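Undergrad: For reference, the file query01.pdb (PDB, C-alpha atoms) is included below:
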```pdb
ATOM      1  CA  MET A   1     107.647  92.694 124.210
ATOM      2  CA  VAL A   2     108.840  93.452 120.645
ATOM      3  CA  LEU A   3     105.385  92.647 119.231
ATOM      4  CA  GLN A   4     103.608  95.183 121.428
ATOM      5  CA  ASN A   5     101.596  97.779 119.474
ATOM      6  CA  LYS A   6     101.614 100.384 122.232
ATOM      7  CA  SER A   7     104.518 102.040 124.023
ATOM      8  CA  LEU A   8     105.980 100.155 126.977
ATOM      9  CA  SER A   9     106.452 101.932 130.289
ATOM     10  CA  HIS A  10     109.566 102.131 132.427
ATOM     11  CA  ILE A  11     109.804 100.292 135.732
ATOM     12  CA  GLU A  12     109.969 102.945 138.447
ATOM     13  CA  GLY A  13     110.862 103.042 142.134
ATOM     14  CA  TYR A  14     114.089 101.030 142.194
ATOM     15  CA  LYS A  15     117.147 101.415 144.458
ATOM     16  CA  GLU A  16     120.828 101.799 143.598
ATOM     17  CA  ASP A  17     121.789  98.108 143.910
ATOM     18  CA  GLU A  18     122.200  95.109 141.599
ATOM     19  CA  ILE A  19     118.466  94.859 141.000
ATOM     20  CA  GLY A  20     118.403  98.578 140.303
ATOM     21  CA  ASP A  21     121.165  98.120 137.718
ATOM     22  CA  LEU A  22     119.128  95.375 136.044
ATOM     23  CA  ILE A  23     116.080  97.642 135.957
ATOM     24  CA  VAL A  24     118.138 100.453 134.376
ATOM     25  CA  GLY A  25     119.207  98.021 131.658
ATOM     26  CA  PHE A  26     115.643  96.797 131.232
ATOM     27  CA  ASN A  27     114.383 100.364 130.859
ATOM     28  CA  ALA A  28     117.021 101.024 128.205
ATOM     29  CA  ALA A  29     115.781  97.950 126.316
ATOM     30  CA  ILE A  30     112.227  99.290 126.604
ATOM     31  CA  ASP A  31     113.349 102.583 125.018
ATOM     32  CA  MET A  32     114.904 100.666 122.113
ATOM     33  CA  VAL A  33     111.705  98.641 121.573
ATOM     34  CA  ASN A  34     109.545 101.757 121.723
ATOM     35  CA  ASP A  35     111.773 103.521 119.178
ATOM     36  CA  ARG A  36     111.661 100.480 116.907
ATOM     37  CA  ASN A  37     107.877 100.192 117.121
ATOM     38  CA  GLU A  38     107.435 103.894 116.415
ATOM     39  CA  ALA A  39     109.647 103.667 113.328
ATOM     40  CA  LEU A  40     107.772 100.549 112.166
ATOM     41  CA  GLU A  41     104.413 102.269 112.631
ATOM     42  CA  LYS A  42     105.551 105.257 110.567
ATOM     43  CA  SER A  43     106.860 102.942 107.866
ATOM     44  CA  ASN A  44     103.608 100.964 107.738
ATOM     45  CA  SER A  45     101.616 104.198 107.596
ATOM     46  CA  ALA A  46     103.725 105.437 104.682
ATOM     47  CA  LEU A  47     103.287 102.131 102.819
ATOM     48  CA  GLU A  48      99.527 102.210 103.389
ATOM     49  CA  SER A  49      99.393 105.753 102.028
ATOM     50  CA  LEU A  50     101.396 104.744  98.942
ATOM     51  CA  SER A  51      99.057 101.797  98.331
ATOM     52  CA  GLN A  52      96.143 104.252  98.048
ATOM     53  CA  ILE A  53      97.765 106.594  95.507
ATOM     54  CA  ASP A  54      98.137 106.302  91.734
ATOM     55  CA  SER A  55     101.832 106.875  91.113
ATOM     56  CA  LEU A  56     101.385 108.847  87.867
ATOM     57  CA  THR A  57      98.572 111.261  88.703
ATOM     58  CA  GLU A  58      99.026 111.341  92.503
ATOM     59  CA  VAL A  59      95.295 110.955  93.156
ATOM     60  CA  TYR A  60      93.617 107.953  94.788
ATOM     61  CA  ASN A  61      93.814 104.709  92.808
ATOM     62  CA  ARG A  62      91.223 102.119  91.713
ATOM     63  CA  ARG A  63      91.947  99.879  94.701
ATOM     64  CA  TRP A  64      91.135 102.703  97.105
ATOM     65  CA  LEU A  65      88.009 103.587  95.113
ATOM     66  CA  ASP A  66      86.653 100.059  95.543
ATOM     67  CA  LYS A  67      87.339 100.140  99.269
ATOM     68  CA  THR A  68      85.917 103.644  99.747
ATOM     69  CA  LEU A  69      82.808 102.997  97.660
ATOM     70  CA  ASN A  70      81.994  99.799  99.546
ATOM     71  CA  HIS A  71      82.488 101.546 102.889
ATOM     72  CA  LEU A  72      80.402 104.606 102.004
ATOM     73  CA  TRP A  73      77.689 102.410 100.519
ATOM     74  CA  MET A  74      77.150 100.694 103.881
ATOM     75  CA  VAL A  75      77.262 104.039 105.713
ATOM     76  CA  LYS A  76      74.565 105.425 103.407
ATOM     77  CA  VAL A  77      72.477 102.260 103.732
ATOM     78  CA  ARG A  78      72.175 103.085 107.421
ATOM     79  CA  SER A  79      71.635 106.824 107.021
ATOM     80  CA  GLN A  80      69.566 106.593 103.797
ATOM     81  CA  GLN A  81      71.415 109.576 102.362
ATOM     82  CA  PRO A  82      72.414 109.833  98.682
ATOM     83  CA  LEU A  83      75.761 108.869  97.207
ATOM     84  CA  THR A  84      76.737 110.352  93.834
ATOM     85  CA  LEU A  85      79.436 109.195  91.422
ATOM     86  CA  LEU A  86      80.950 111.038  88.463
ATOM     87  CA  LEU A  87      82.734 108.931  85.826
ATOM     88  CA  ILE A  88      85.046 111.162  83.765
ATOM     89  CA  ASP A  89      86.784 110.353  80.484
ATOM     90  CA  ILE A  90      89.361 112.472  78.635
ATOM     91  CA  ASP A  91      87.941 112.872  75.122
ATOM     92  CA  HIS A  92      89.810 111.176  72.267
ATOM     93  CA  PHE A  93      92.770 110.393  74.518
ATOM     94  CA  LYS A  94      94.047 107.570  72.296
ATOM     95  CA  ASN A  95      94.284 110.053  69.417
ATOM     96  CA  PHE A  96      96.107 112.450  71.745
ATOM     97  CA  ASN A  97      98.691 109.758  72.549
ATOM     98  CA  ASP A  98      99.072 108.816  68.890
ATOM     99  CA  THR A  99      99.599 112.464  67.883
ATOM    100  CA  TYR A 100     101.773 113.807  70.701
ATOM    101  CA  GLY A 101     103.368 110.643  72.151
ATOM    102  CA  HIS A 102     102.996 108.775  75.425
ATOM    103  CA  ILE A 103     105.162 111.151  77.471
ATOM    104  CA  ALA A 104     102.882 114.025  76.492
ATOM    105  CA  GLY A 105      99.961 111.719  77.240
ATOM    106  CA  ASP A 106     101.258 111.114  80.752
ATOM    107  CA  ASP A 107     101.710 114.866  81.237
ATOM    108  CA  CYS A 108      98.139 115.390  80.055
ATOM    109  CA  LEU A 109      96.820 112.835  82.561
ATOM    110  CA  LYS A 110      98.725 114.546  85.358
ATOM    111  CA  VAL A 111      97.557 118.063  84.583
ATOM    112  CA  VAL A 112      93.938 116.970  84.131
ATOM    113  CA  ALA A 113      94.018 115.005  87.401
ATOM    114  CA  GLN A 114      95.505 117.898  89.361
ATOM    115  CA  THR A 115      93.052 120.363  87.808
ATOM    116  CA  ILE A 116      90.120 118.175  88.832
ATOM    117  CA  GLN A 117      91.638 117.741  92.294
ATOM    118  CA  LYS A 118      91.833 121.518  92.788
ATOM    119  CA  THR A 119      88.206 121.870  91.707
ATOM    120  CA  VAL A 120      86.916 119.178  94.065
ATOM    121  CA  LYS A 121      87.395 121.035  97.334
ATOM    122  CA  ARG A 122      85.020 119.600  99.934
ATOM    123  CA  PRO A 123      86.652 117.151 102.375
ATOM    124  CA  THR A 124      83.859 114.619 101.779
ATOM    125  CA  ASP A 125      84.499 114.572  97.992
ATOM    126  CA  SER A 126      87.224 112.279  96.656
ATOM    127  CA  LEU A 127      88.945 111.890  93.275
ATOM    128  CA  PHE A 128      90.235 108.536  91.999
ATOM    129  CA  ARG A 129      91.966 107.355  88.846
ATOM    130  CA  TYR A 130      89.616 104.640  87.607
ATOM    131  CA  GLY A 131      91.956 103.375  84.901
ATOM    132  CA  GLY A 132      93.633 104.649  81.741
ATOM    133  CA  GLU A 133      92.210 108.100  80.998
ATOM    134  CA  GLU A 134      89.159 107.654  83.249
ATOM    135  CA  PHE A 135      88.631 109.225  86.669
ATOM    136  CA  VAL A 136      85.921 108.974  89.316
ATOM    137  CA  ILE A 137      84.673 111.614  91.720
ATOM    138  CA  LEU A 138      82.742 110.239  94.684
ATOM    139  CA  LEU A 139      80.404 112.713  96.378
ATOM    140  CA  GLU A 140      78.328 112.409  99.522
ATOM    141  CA  SER A 141      75.634 114.564  97.935
ATOM    142  CA  THR A 142      72.670 114.667  95.554
ATOM    143  CA  LEU A 143      72.467 114.253  91.794
ATOM    144  CA  LYS A 144      71.971 118.002  91.309
ATOM    145  CA  GLU A 145      75.086 118.782  93.374
ATOM    146  CA  GLY A 146      76.954 116.199  91.322
ATOM    147  CA  ALA A 147      75.857 117.949  88.136
ATOM    148  CA  LEU A 148      77.172 121.267  89.438
ATOM    149  CA  VAL A 149      80.537 119.701  90.305
ATOM    150  CA  ALA A 150      80.699 118.036  86.876
ATOM    151  CA  GLU A 151      80.211 121.363  85.100
ATOM    152  CA  LYS A 152      82.867 123.081  87.231
ATOM    153  CA  VAL A 153      85.326 120.296  86.451
ATOM    154  CA  ARG A 154      84.468 120.264  82.736
ATOM    155  CA  LEU A 155      85.021 124.016  82.446
ATOM    156  CA  ALA A 156      88.262 123.885  84.471
ATOM    157  CA  VAL A 157      89.751 121.252  82.146
ATOM    158  CA  SER A 158      88.508 123.004  78.994
ATOM    159  CA  ASN A 159      89.989 126.302  80.183
ATOM    160  CA  LEU A 160      93.449 124.700  80.383
ATOM    161  CA  ASN A 161      93.463 124.936  76.570
ATOM    162  CA  VAL A 162      95.855 121.988  76.211
ATOM    163  CA  PRO A 163      96.228 121.626  72.393
ATOM    164  CA  HIS A 164      94.573 118.577  70.822
ATOM    165  CA  ILE A 165      94.407 118.893  67.041
ATOM    166  CA  GLU A 166      92.591 115.550  66.697
ATOM    167  CA  SER A 167      89.662 116.856  68.748
ATOM    168  CA  SER A 168      86.810 118.814  67.186
ATOM    169  CA  TYR A 169      87.344 121.362  69.982
ATOM    170  CA  LYS A 170      91.101 121.601  69.181
ATOM    171  CA  HIS A 171      91.989 121.314  72.870
ATOM    172  CA  VAL A 172      91.690 118.674  75.603
ATOM    173  CA  THR A 173      88.170 118.220  76.949
ATOM    174  CA  ILE A 174      86.376 115.722  79.179
ATOM    175  CA  SER A 175      83.026 113.961  79.151
ATOM    176  CA  THR A 176      81.244 112.918  82.345
ATOM    177  CA  GLY A 177      78.515 110.510  83.335
ATOM    178  CA  ILE A 178      76.770 111.146  86.651
ATOM    179  CA  ALA A 179      74.735 108.721  88.740
ATOM    180  CA  SER A 180      73.212 108.989  92.179
ATOM    181  CA  ALA A 181      71.399 106.584  94.480
ATOM    182  CA  ILE A 182      70.251 106.085  98.023
ATOM    183  CA  PRO A 183      72.132 102.850  98.745
ATOM    184  CA  GLN A 184      70.207  99.684  99.582
ATOM    185  CA  LEU A 185      71.388  96.287 100.799
ATOM    186  CA  THR A 186      69.695  94.725  97.767
ATOM    187  CA  ILE A 187      71.855  96.759  95.343
ATOM    188  CA  GLU A 188      75.583  96.244  94.801
ATOM    189  CA  PRO A 189      77.798  99.369  94.984
ATOM    190  CA  VAL A 190      79.151  98.629  91.491
ATOM    191  CA  GLU A 191      75.672  99.428  90.160
ATOM    192  CA  LEU A 192      76.434 103.111  90.727
ATOM    193  CA  ILE A 193      79.456 102.846  88.424
ATOM    194  CA  LYS A 194      77.388 101.033  85.791
ATOM    195  CA  ARG A 195      74.772 103.800  85.812
ATOM    196  CA  ALA A 196      77.439 106.506  85.542
ATOM    197  CA  ASP A 197      79.000 104.574  82.653
ATOM    198  CA  LEU A 198      75.670 104.579  80.774
ATOM    199  CA  ALA A 199      75.432 108.345  81.240
ATOM    200  CA  LEU A 200      79.060 108.760  80.108
ATOM    201  CA  TYR A 201      78.268 106.796  76.942
ATOM    202  CA  GLN A 202      75.465 109.254  76.188
ATOM    203  CA  SER A 203      77.803 112.209  76.807
ATOM    204  CA  LYS A 204      80.108 110.828  74.133
ATOM    205  CA  GLU A 205      77.241 110.078  71.744
ATOM    206  CA  HIS A 206      75.972 113.635  72.074
ATOM    207  CA  GLY A 207      79.252 115.280  71.101
ATOM    208  CA  ARG A 208      81.588 114.971  74.122
ATOM    209  CA  ASN A 209      82.838 117.904  76.230
ATOM    210  CA  ARG A 210      79.611 117.596  78.215
ATOM    211  CA  SER A 211      78.087 115.924  81.266
ATOM    212  CA  GLU A 212      74.936 113.845  81.483
ATOM    213  CA  CYS A 213      73.006 112.350  84.391
ATOM    214  CA  HIS A 214      71.437 108.958  85.018
ATOM    215  CA  ASN A 215      68.347 109.378  87.201
ATOM    216  CA  ASP A 216      66.949 105.797  87.157
ATOM    217  CA  ILE A 217      64.265 106.757  84.620
ATOM    218  CA  GLU A 218      66.194 108.326  81.771
ATOM    219  CA  ILE A 219      69.517 109.943  81.032
ATOM    220  CA  VAL A 220      69.178 113.715  80.923
ATOM    221  CA  SER A 221      71.527 116.581  80.245
ATOM    222  CA  VAL A 222      73.235 118.331  83.131
ATOM    223  CA  MET A 223      71.681 121.668  82.226
ATOM    224  CA  LYS A 224      68.190 120.202  82.697
ATOM    225  CA  GLN A 225      69.231 118.944  86.101
ATOM    226  CA  ILE A 226      70.678 122.317  87.138
ATOM    227  CA  SER A 227      67.724 124.399  85.895
TER     228      SER A 227
END
```
Written as structure tokens, that's how I'd like the structure from this file.
TA:
Amino acid sequence: MVLQNKSLSHIEGYKEDEIGDLIVGFNAAIDMVNDRNEALEKSNSALESLSQIDSLTEVYNRRWLDKTLNHLWMVKVRSQQPLTLLLIDIDHFKNFNDTYGHIAGDDCLKVVAQTIQKTVKRPTDSLFRYGGEEFVILLESTLKEGALVAEKVRLAVSNLNVPHIESSYKHVTISTGIASAIPQLTIEPVELIKRADLALYQSKEHGRNRSECHNDIEIVSVMKQIS
């Protein structure tokens, strides 16, 4: 009875005799079990939620990214709709930590994460901390839509004007690599991250504080994709 996942029901239709007294006691025990199971379910739900969240930035963590990406990949295999991934890196973050200290670095990660989160508004779009100073936005949309989101996010972070004297822009900026694909069973989901990483590398090579796209043929600037 204690291991039941659903609420137990009272025994009804008893008389006021010894058997009735036993049933009253049994129903009281049922109430206790139901209360215990409800509390346990809430506790498990809270733990599951915590296991999805990065404790510093309060956005989804890498573990939840892997799970979500694998799930959405299979969904899109069936529907043959595009899945787009943005890999974001805070520019010269190591220099930021070395100049301002790790506490300031943590504050920077938090404010950047929350700024990106406010910019990514659609319920089907999700933000994850990929690791260190890198974040991922997963979009159920096209490459062009991904490019538009990337530019909105880049501008939002730049407009924070968080001082960064070791940056050529003198404030905190981000670079983004964007990749999109129509998922196939013959392609692993991690391939989308690899493509976004190649585009991110080009963003850094071309001066940072920019976004570039991987379109399977070549890596092109976001502005070419938008125009």
Undergrad: Work out how far atom CA of His214 of chain A is from atom CA of Gln202 of chain A, in Å to one decimal.
TA: 9.7 Å
Undergrad: Between A:Phe128, A:Gln114, A:Leu192, A:Ser180, single out the one closest to Gln81 of chain A, counting all atoms listed in the file.
TA: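 Nearest to Gln81 of chain A: A:Ser180.
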Undergrad: Which of these, A:Ile137, A:Ala199, A:Cys108, A:Met32, has the shortest distance to Leu83 of chain A once you count only C-alpha atoms?
TA: A:Ile137
Undergrad: Find, counting only C-alpha atoms, the residue in A:Arg195, A:Leu109, A:Ile178, A:Asn70 that gets nearest to Lys144 of chain A.
TA: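 Looking only at the distances to Lys144 of chain A, the closest residue turns out to be A:Ile178.
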Undergrad: Given the file shown, determine the residues that the PyMOL selection byres ((chain A and resi 92) around 10) selects; report them as a list in words.
TA: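 For this structure, the PyMOL selection byres ((chain A and resi 92) around 10) captures Asp89, Ile90, Asp91, Phe93, Lys94, Asn95, Phe96, Asn97, Glu133, His164, Glu166, Ser167, Ser168, Val172, Thr173, Ile174, Lys204 and Arg208 of chain A.
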Undergrad: Can you work out the spacing between atom CA of Tyr100 of chain A and atom CA of Leu127 of chain A in Å, to one decimal?
TA: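 Taking atom CA of Tyr100 of chain A as the start and atom CA of Leu127 of chain A as the end point, the length is 26.0 Å.
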Undergrad: Atom CA of Tyr60 of chain A to atom CA of Glu188 of chain A: how many Å, to one decimal?
TA: 21.5 Å
Undergrad: Which residues are close to Pro183 of chain A, i.e. within 8 Å by only C-alpha atoms, leaving aside same-chain residues fewer than 4 positions away? Reply as an mmCIF file with C-alpha atoms, keeping the file's coordinate frame.
TA:
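Final output, part.cif:
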```
data_model
loop_
_atom_site.group_PDB
_atom_site.id
_atom_site.type_symbol
_atom_site.label_atom_id
_atom_site.label_comp_id
_atom_site.auth_asym_id
_atom_site.auth_seq_id
_atom_site.Cartn_x
_atom_site.Cartn_y
_atom_site.Cartn_z
ATOM 1 C CA TRP A 73 77.689 102.410 100.519
ATOM 2 C CA MET A 74 77.150 100.694 103.881
ATOM 3 C CA LYS A 76 74.565 105.425 103.407
ATOM 4 C CA VAL A 77 72.477 102.260 103.732
ATOM 5 C CA GLN A 80 69.566 106.593 103.797
ATOM 6 C CA GLN A 81 71.415 109.576 102.362
ATOM 7 C CA PRO A 82 72.414 109.833 98.682
ATOM 8 C CA LEU A 83 75.761 108.869 97.207
ATOM 9 C CA ILE A 187 71.855 96.759 95.343
ATOM 10 C CA PRO A 189 77.798 99.369 94.984
#
```
Undergrad: Kindly resolve the PyMOL selection byres ((chain A and resi 200) around 7) on the present coordinates and return the residues as a list in words.
TA: Leu87, Ser175, Thr176, Gly177, Ala196, Asp197, Leu198, Ala199, Tyr201, Gln202, Ser203, Lys204 and Glu212 of chain A
Undergrad: Neighbours of Thr119 of chain A within 8 Å (all atoms listed in the file; same-chain residues fewer than 3 positions away dropped), as a list in words?
TA: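 The filter keeps Thr115, Ile116, Lys152, Val153 and Ala156 of chain A.
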Undergrad: Produce a file of the selected residues containing C-alpha atoms, as a JSON list (two decimals), in the coordinates of the input.
TA:
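Dumped to out_30.json:
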```
[["chain", "number", "residue", "atom", "x", "y", "z"],
["A", 115, "THR", "CA", 93.05, 120.36, 87.81],
["A", 116, "ILE", "CA", 90.12, 118.18, 88.83],
["A", 152, "LYS", "CA", 82.87, 123.08, 87.23],
["A", 153, "VAL", "CA", 85.33, 120.30, 86.45],
["A", 156, "ALA", "CA", 88.26, 123.88, 84.47]]
```
Undergrad: Choose the residue, out of A:Val136, A:Val120, A:Leu185, A:Ala147, that has the smallest atom-to-atom separation from Trp64 of chain A; count all atoms listed in the file.
TA: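 Under the stated criterion, the closest residue is A:Val136.
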Undergrad: Taking all atoms listed in the file into account, name the residue in A:Pro123, A:Pro163, A:Gly132, A:Gly146 that is nearest to Thr99 of chain A.
TA: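 For Thr99 of chain A, the nearest of the candidates is A:Pro163.
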Undergrad: Looking at A:Cys213, A:Ala113, A:Val190, A:Leu85, which one is nearest to Asn61 of chain A, with distances taken over only C-alpha atoms?
TA: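 Among A:Cys213, A:Ala113, A:Val190, A:Leu85, it is A:Ala113 that comes nearest to Asn61 of chain A.
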Undergrad: Any chance you could model N, CA, C and O atoms for segment 193-206 of chain A and send them as an mmCIF file, keeping the file's coordinate frame?
TA:
```
data_model
loop_
_atom_site.group_PDB
_atom_site.id
_atom_site.type_symbol
_atom_site.label_atom_id
_atom_site.label_comp_id
_atom_site.auth_asym_id
_atom_site.auth_seq_id
_atom_site.Cartn_x
_atom_site.Cartn_y
_atom_site.Cartn_z
ATOM 1 N N ILE A 193 78.485 102.656 89.505
ATOM 2 C CA ILE A 193 79.456 102.846 88.424
ATOM 3 C C ILE A 193 78.834 102.499 87.081
ATOM 4 O O ILE A 193 79.044 103.205 86.081
ATOM 5 N N LYS A 194 78.036 101.434 87.037
ATOM 6 C CA LYS A 194 77.388 101.033 85.791
ATOM 7 C C LYS A 194 76.450 102.120 85.286
ATOM 8 O O LYS A 194 76.396 102.418 84.085
ATOM 9 N N ARG A 195 75.701 102.736 86.205
ATOM 10 C CA ARG A 195 74.772 103.800 85.812
ATOM 11 C C ARG A 195 75.539 105.019 85.301
ATOM 12 O O ARG A 195 75.147 105.645 84.303
ATOM 13 N N ALA A 196 76.618 105.370 85.983
ATOM 14 C CA ALA A 196 77.439 106.506 85.542
ATOM 15 C C ALA A 196 78.055 106.210 84.172
ATOM 16 O O ALA A 196 78.181 107.125 83.331
ATOM 17 N N ASP A 197 78.406 104.964 83.931
ATOM 18 C CA ASP A 197 79.000 104.574 82.653
ATOM 19 C C ASP A 197 77.986 104.720 81.514
ATOM 20 O O ASP A 197 78.338 105.145 80.402
ATOM 21 N N LEU A 198 76.722 104.395 81.777
ATOM 22 C CA LEU A 198 75.670 104.579 80.774
ATOM 23 C C LEU A 198 75.514 106.063 80.430
ATOM 24 O O LEU A 198 75.364 106.436 79.253
ATOM 25 N N ALA A 199 75.544 106.906 81.470
ATOM 26 C CA ALA A 199 75.432 108.345 81.240
ATOM 27 C C ALA A 199 76.652 108.875 80.493
ATOM 28 O O ALA A 199 76.525 109.753 79.620
ATOM 29 N N LEU A 200 77.841 108.353 80.811
ATOM 30 C CA LEU A 200 79.060 108.760 80.108
ATOM 31 C C LEU A 200 78.975 108.393 78.631
ATOM 32 O O LEU A 200 79.379 109.180 77.756
ATOM 33 N N TYR A 201 78.439 107.225 78.345
ATOM 34 C CA TYR A 201 78.268 106.796 76.942
ATOM 35 C C TYR A 201 77.407 107.800 76.184
ATOM 36 O O TYR A 201 77.722 108.176 75.045
ATOM 37 N N GLN A 202 76.335 108.274 76.836
ATOM 38 C CA GLN A 202 75.465 109.254 76.188
ATOM 39 C C GLN A 202 76.177 110.591 75.996
ATOM 40 O O GLN A 202 75.969 111.273 74.992
ATOM 41 N N SER A 203 77.025 110.974 76.957
ATOM 42 C CA SER A 203 77.803 112.209 76.807
ATOM 43 C C SER A 203 78.668 112.150 75.551
ATOM 44 O O SER A 203 78.781 113.131 74.810
ATOM 45 N N LYS A 204 79.263 110.992 75.321
ATOM 46 C CA LYS A 204 80.108 110.828 74.133
ATOM 47 C C LYS A 204 79.268 110.818 72.856
ATOM 48 O O LYS A 204 79.652 111.407 71.838
ATOM 49 N N GLU A 205 78.117 110.149 72.912
ATOM 50 C CA GLU A 205 77.241 110.078 71.744
ATOM 51 C C GLU A 205 76.703 111.453 71.351
ATOM 52 O O GLU A 205 76.445 111.714 70.181
ATOM 53 N N HIS A 206 76.560 112.319 72.328
ATOM 54 C CA HIS A 206 75.972 113.635 72.074
ATOM 55 C C HIS A 206 77.009 114.729 71.797
ATOM 56 O O HIS A 206 76.686 115.912 71.840
#
```
